[in-house]
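Asker: Data: upload_11.txt, compact mmCIF, C-alpha atoms.
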# COMPACT_ATOMS: atom_id res chain seq x y z
CA MET X 1415 0.00 0.00 0.00
CA ALA X 1416 2.80 2.41 0.83
CA ASP X 1417 4.46 1.66 -2.51
CA ASP X 1418 1.29 2.69 -4.35
CA GLN X 1419 1.20 5.96 -2.42
CA VAL X 1420 4.87 6.68 -3.21
CA VAL X 1421 4.29 5.97 -6.90
CA LYS X 1422 1.21 8.23 -6.92
CA LEU X 1423 3.12 11.00 -5.15
CA LEU X 1424 6.01 10.72 -7.60
CA GLU X 1425 3.59 10.87 -10.52
CA GLU X 1426 2.02 14.02 -9.09
CA ILE X 1427 5.47 15.58 -8.67
CA ARG X 1428 6.32 14.66 -12.27
CA ASP X 1429 3.07 16.16 -13.55
CA LEU X 1430 3.65 19.36 -11.56
CA GLN X 1431 7.18 19.63 -12.94
CA LYS X 1432 5.85 19.24 -16.49
CA GLU X 1433 3.27 21.93 -15.84
CA ASN X 1434 5.92 24.19 -14.33
CA LEU X 1435 8.16 23.68 -17.38
CA ALA X 1436 5.27 24.54 -19.72
CA ASN X 1437 4.57 27.71 -17.72
CA GLN X 1438 8.24 28.70 -17.86
CA LYS X 1439 8.31 28.22 -21.66
CA PHE X 1440 5.18 30.35 -21.98
CA ALA X 1441 6.71 33.07 -19.80
CA LEU X 1442 9.91 33.06 -21.87
CA GLN X 1443 7.91 33.42 -25.08
CA ASN X 1444 6.01 36.36 -23.61
CA GLN X 1445 9.27 37.93 -22.48
CA GLN X 1446 10.69 37.58 -25.99
CA VAL X 1447 7.62 39.27 -27.49
CA SER X 1448 7.90 42.03 -24.91
CA LEU X 1449 11.56 42.60 -25.77
CA GLU X 1450 10.72 42.80 -29.48
CA ASN X 1451 7.98 45.35 -28.75
CA GLN X 1452 10.38 47.41 -26.65
CA GLN X 1453 12.97 47.38 -29.45
CA GLN X 1454 10.35 48.53 -31.96
CA SER X 1455 9.25 51.28 -29.59
CA ILE X 1456 12.84 52.47 -29.14
CA ALA X 1457 13.35 52.52 -32.92
CA VAL X 1458 10.20 54.62 -33.38
CA GLN X 1459 11.33 57.04 -30.66
CA LYS X 1460 14.77 57.39 -32.27
CA ARG X 1461 13.18 58.24 -35.62
CA ALA X 1462 10.93 60.81 -33.94
CA VAL X 1463 13.90 62.43 -32.20
CA GLN X 1464 15.80 62.56 -35.49
CA ARG X 1465 12.84 64.22 -37.25
CA SER X 1466 12.49 66.77 -34.45
CA LYS X 1467 16.21 67.62 -34.64
CA ILE X 1468 15.86 68.28 -38.36
CA LEU X 1469 12.80 70.45 -37.72
CA TYR X 1470 14.61 72.46 -35.04
CA VAL X 1471 17.56 73.11 -37.35
CA PHE X 1472 15.18 74.20 -40.12
CA LEU X 1473 13.30 76.55 -37.78
CA ALA X 1474 16.56 78.00 -36.44
CA ALA X 1475 17.70 78.69 -40.00
CA ILE X 1476 14.42 80.49 -40.74
CA PHE X 1477 14.76 82.64 -37.61
CA VAL X 1478 18.35 83.53 -38.47
CA PHE X 1479 17.31 84.45 -42.00
CA LEU X 1480 14.44 86.59 -40.75
CA GLY X 1481 16.68 88.21 -38.19
CA LEU X 1482 19.27 89.15 -40.77
CA SER X 1483 16.67 90.20 -43.34
CA TYR X 1484 14.33 92.29 -41.25
CA PHE X 1485 15.51 92.99 -37.75
CA VAL X 1486 19.08 94.07 -38.51
CA PRO X 1487 18.00 96.66 -41.12
CA LEU X 1488 15.24 97.83 -38.78
CA LEU X 1489 17.73 98.17 -35.94
CA SER X 1490 20.15 100.03 -38.15
CA TRP X 1491 17.37 102.40 -39.28
CA VAL X 1492 16.35 103.08 -35.67
CA LEU X 1493 19.97 103.72 -34.68
CA SER X 1494 20.50 106.06 -37.61
CA LEU X 1495 17.40 108.05 -36.59
CA MET X 1496 18.66 108.28 -33.03
CA LEU X 1497 22.09 109.44 -34.13
CA ARG X 1498 20.64 112.20 -36.35
CA ARG X 1499 19.07 113.94 -33.38
Rewrite the structure of this file - the entire thing - as structure tokens.
Answerer:
Amino acid sequence: MADDQVVKLLEEIRDLQKENLANQKFALQNQQVSLENQQQSIAVQKRAVQRSKILYVFLAAIFVFLGLSYFVPLLSWVLSLMLRR
């Protein structure tokens, strides 16, 4: 009778170990998918940062152009009026 109980207990342990192994495989697959999603997210963020850098450079160039085209002559005109007085 005791031998039957030992065999049954060992079978239960074996079944639990198989179930545990299946759960670990599932968790590893989910972790792999999560890592792939994180890598895709990082790639998208890098592209967005690159686009924003290009936009900032473009806007800075426009402001410099406007500053040299309009504000410097305006400033020089105002200074010339002040010096004439």
Asker: Mind giving me the axis-aligned box for range 1449-1452 of chain X with 3 Å on every side, centre plus edges in Å to one decimal, as AutoDock Vina command-line options?
Answerer:
--center_x 9.8 --center_y 45.0 --center_z -27.6 --size_x 9.6 --size_y 10.8 --size_z 9.7
Asker: Could you check how far CA of Asn1444 in chain X sits from CA of Gln1431 in chain X, in Å to one decimal?
Answerer: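 We find that CA of Asn1444 in chain X and CA of Gln1431 in chain X lie 19.9 Å from each other.
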Asker: At what distance in Å, to one decimal, does CA of Gln1452 in chain X lie from CA of Tyr1470 in chain X?
Answerer: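 Computing the Euclidean distance for CA of Tyr1470 in chain X and CA of Gln1452 in chain X yields 26.8 Å.
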Asker: Please indicate the distance in Å from CA of Ser1483 in chain X to CA of Ser1466 in chain X, rounded to one decimal place.
Answerer: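 CA of Ser1466 in chain X lies at a distance of 25.4 Å from CA of Ser1483 in chain X.
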